[in-house]
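S.K.: Quick one: this structure, given as structure tokens, is what I'll be asking you about.
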Amino acid sequence: MPGSAGPRTVTLAAIAAEAGVSVPTVSKVLNGRHDVAALTRARVEELLSHHGYLRSRSRQATGLIDLAIDNLATPWAEEILRGAVETAESADFSVAVSILPYAQPWTPWIDRILRRGSDGVAAVVKQLGRSDLRRLRAAAIPHVAVDPMGDCGPETLSVGVTNWQGGFDATQHLLDLGHSRIAAISGPPVLESARARLAGFRYAIEAAGHAVDPALVTPALFTREEGQAAAGRVLDHPHPPTAIVTGNDEQAIGAYQAAHARGLRIPDEVSVVGFDDIPISQWLDPPLTTVRQPLAAMAAAAMRMLVRQIAVGASEPSRMELATTLVVRRSSAPLRR
């Protein structure tokens, strides 16, 4: 192998051939994996250094990571940003935050990133399209999806939580308290997280031998206003529920308002369970029983994956799921016969 190959022309395949190993072995060395023999690792690292493979990335570095999120005016977003920014800064990166509503196309944002350069891109909830991903890959800009809308495919790093289990745990908690007529205010069906939580709800109800009443299942945006309207609809049903599972804590706050407007006491006459465990949940009256989603930890994990990919120049595609936890407070109580 000629020693004059420049850092922009050398490939992992060429380095693997020169070292007499496979391309996956070179990738393992780049990713810091330990399942490579010491002599093999030393040989590969020597060749990487000789060809300037790692040094070429450091010369191109901007020290900047771009993060896109649909809305900043929520406690959910505050936790996501806290985890992302703190982790990035600890690795000596700055984070540029952009607001991209659901309906807004990615292309202008990608254009801006490509013009000025960026070391990495994090997309929160929204997902990049195939053409946008191709443009980022062509520019050697790594990408990670945080709480993605759906299946990202095998080529994208992503971090989420156990949404199905969270939906199941919230519902099973109410079933254990004696409730059987339970309403579900789900999130927007376009979101995989909302669909998974609702699926967990349905499974718990049906596994307990009850039927899911379609009239008590209603989708809504993850906002207080939508939660209030949806809770009002199910509470006005001729046979109203004795408990409500919501898609997130903001919807649960709306359910509180709907119950209070109808003179219903929580949890004496209707129990409410949320999802997220945003900071305000523990200060509600009564404090909200909810499924804790480790929002800051999820964003931090995504940033660590992205920083590692930036640092080594390669990464094995992976999906990480963090566990949810049921937090029982005083908004749920045994069914009063």
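Chain labels A, B, ... are given in the sequence in which chains occur in the structure tokens; within each chain residues are numbered consecutively from 1, and ligands are likewise numbered from 1 in the order shown.
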Please return, as a VMD selection string, all residues of segment 126-299 of chain A that DSSP assigns to strand (DSSP E or B) on the basis of the backbone.

M.R.: chain A and resid 143 to 146 157 to 161 182 to 186 217 to 219 243 to 246 271 to 276 289 to 292

S.K.: List the spatial neighbours of Glu45 of chain A as JSON, numbers by chain - criterion: any atom at most 9 Å away, only C-alpha atoms, same-chain residues fewer than 4 positions off excluded.

M.R.: {"A": [26, 29, 30, 40, 41, 49, 50]}

S.K.: Which residue is closest to Leu48 of chain A? Choose from A:Ala16, A:Leu133, A:Ala255, A:Ile182 and count only C-alpha atoms.

M.R.: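 For Leu48 of chain A, the nearest of the candidates is A:Ala16.
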
S.K.: Could you check how far atom CA of Val327 of chain A sits from atom CA of Ile278 of chain A, in Å to one decimal?

M.R.: 11.5 Å

S.K.: Taking a cut-off of 12 Å and counting only C-alpha atoms, can you build a table that, for each residue of segment 226-303 of chain A near segment 210-214 of chain A, reports the nearest atom pair and how far apart they are in Å (one decimal), sorted by chain then residue number, as JSON lines?

M.R.:
{"residue": "A:Val234", "atom": "CA", "partner": "A:Pro214", "partner_atom": "CA", "distance": 10.4}
{"residue": "A:His237", "atom": "CA", "partner": "A:Asp213", "partner_atom": "CA", "distance": 11.3}
{"residue": "A:His239", "atom": "CA", "partner": "A:Asp213", "partner_atom": "CA", "distance": 10.6}
{"residue": "A:Pro240", "atom": "CA", "partner": "A:Asp213", "partner_atom": "CA", "distance": 10.8}
{"residue": "A:Pro241", "atom": "CA", "partner": "A:Asp213", "partner_atom": "CA", "distance": 10.0}

S.K.: Please save all heavy atoms of the selected residues as an mmCIF file, in the first residue's frame.

M.R.:
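Produced file again.cif, reproduced below:
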data_model
loop_
_atom_site.group_PDB
_atom_site.id
_atom_site.type_symbol
_atom_site.label_atom_id
_atom_site.label_comp_id
_atom_site.auth_asym_id
_atom_site.auth_seq_id
_atom_site.Cartn_x
_atom_site.Cartn_y
_atom_site.Cartn_z
ATOM 1 N N VAL A 234 -64.612 12.232 27.138
ATOM 2 C CA VAL A 234 -64.837 10.926 27.759
ATOM 3 C C VAL A 234 -65.587 11.066 29.082
ATOM 4 O O VAL A 234 -66.387 10.193 29.442
ATOM 5 C CB VAL A 234 -63.506 10.168 27.963
ATOM 6 C CG1 VAL A 234 -62.855 9.898 26.617
ATOM 7 C CG2 VAL A 234 -62.556 10.902 28.888
ATOM 8 N N HIS A 237 -69.344 11.171 28.641
ATOM 9 C CA HIS A 237 -69.960 9.944 28.123
ATOM 10 C C HIS A 237 -71.057 9.483 29.083
ATOM 11 O O HIS A 237 -70.937 9.662 30.307
ATOM 12 C CB HIS A 237 -68.886 8.858 27.984
ATOM 13 C CG HIS A 237 -69.343 7.641 27.246
ATOM 14 N ND1 HIS A 237 -70.048 6.617 27.850
ATOM 15 C CD2 HIS A 237 -69.216 7.280 25.939
ATOM 16 C CE1 HIS A 237 -70.309 5.674 26.970
ATOM 17 N NE2 HIS A 237 -69.821 6.050 25.800
ATOM 18 N N HIS A 239 -71.678 6.683 30.186
ATOM 19 C CA HIS A 239 -71.054 5.791 31.171
ATOM 20 C C HIS A 239 -69.575 6.177 31.271
ATOM 21 O O HIS A 239 -68.712 5.533 30.680
ATOM 22 C CB HIS A 239 -71.210 4.330 30.749
ATOM 23 C CG HIS A 239 -72.650 3.915 30.588
ATOM 24 N ND1 HIS A 239 -73.496 3.728 31.659
ATOM 25 C CD2 HIS A 239 -73.383 3.691 29.474
ATOM 26 C CE1 HIS A 239 -74.698 3.382 31.214
ATOM 27 N NE2 HIS A 239 -74.653 3.354 29.889
ATOM 28 N N PRO A 240 -69.280 7.219 32.021
ATOM 29 C CA PRO A 240 -67.913 7.762 32.030
ATOM 30 C C PRO A 240 -66.925 6.813 32.698
ATOM 31 O O PRO A 240 -67.306 5.928 33.462
ATOM 32 C CB PRO A 240 -68.066 9.058 32.834
ATOM 33 C CG PRO A 240 -69.243 8.805 33.713
ATOM 34 C CD PRO A 240 -70.180 7.963 32.912
ATOM 35 N N PRO A 241 -65.661 7.001 32.415
ATOM 36 C CA PRO A 241 -64.634 6.163 33.028
ATOM 37 C C PRO A 241 -64.408 6.536 34.488
ATOM 38 O O PRO A 241 -64.724 7.649 34.914
ATOM 39 C CB PRO A 241 -63.393 6.487 32.195
ATOM 40 C CG PRO A 241 -63.610 7.905 31.771
ATOM 41 C CD PRO A 241 -65.088 8.019 31.507
#

S.K.: So that I can check the surroundings of segment 304-307 of chain A, please list as a ChimeraX atom specification every protein, DNA and RNA residue that reaches within 12 Å of it, counting only C-alpha atoms and ignoring chain neighbours fewer than 6 positions away.

M.R.: /A:31,61,63-67,83-95,119-123,141-146,156-159,297-298,313-320

S.K.: Looking at only C-alpha atoms, which of A:Ile80, A:Ala259, A:Leu335, A:Leu128 is the one that sits closest to Thr107 of chain A?

M.R.: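 The shortest atom-to-atom distance to Thr107 of chain A comes from A:Leu128.
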
S.K.: Let's see if you can do this: from backbone DSSP, list all helix (DSSP H, G or I) residues in segment 41-144 of chain A, as a PyMOL selection string.

M.R.: chain A and resi 41-50+53-60+75-90+107-116+130-138

S.K.: What lies within 6 Å of Pro267 of chain A using only C-alpha atoms, ignoring chain neighbours under 6 positions off, as a ChimeraX atom specification?

M.R.: /A:331-333

S.K.: Please, what distance in Å, to one decimal, runs between atom CA of Thr25 of chain A and atom CA of Leu47 of chain A?

M.R.: 13.1 Å

S.K.: Could you check how far atom CA of Val36 of chain A sits from atom CA of Cys152 of chain A, in Å to one decimal?

M.R.: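 These two atoms are separated by 29.2 Å.
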
S.K.: Which residues come within 9 Å of Arg336 of chain A, counting only C-alpha atoms, excluding same-chain residues fewer than 5 positions away, as a count of residues only?

M.R.: 3

S.K.: From the list A:Val328, A:Ala252, A:Ala17, A:Ile310, which residue is nearest Ser186 of chain A when using only C-alpha atoms?

M.R.: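 With only C-alpha atoms as the atom set, the closest residue is A:Ala252.
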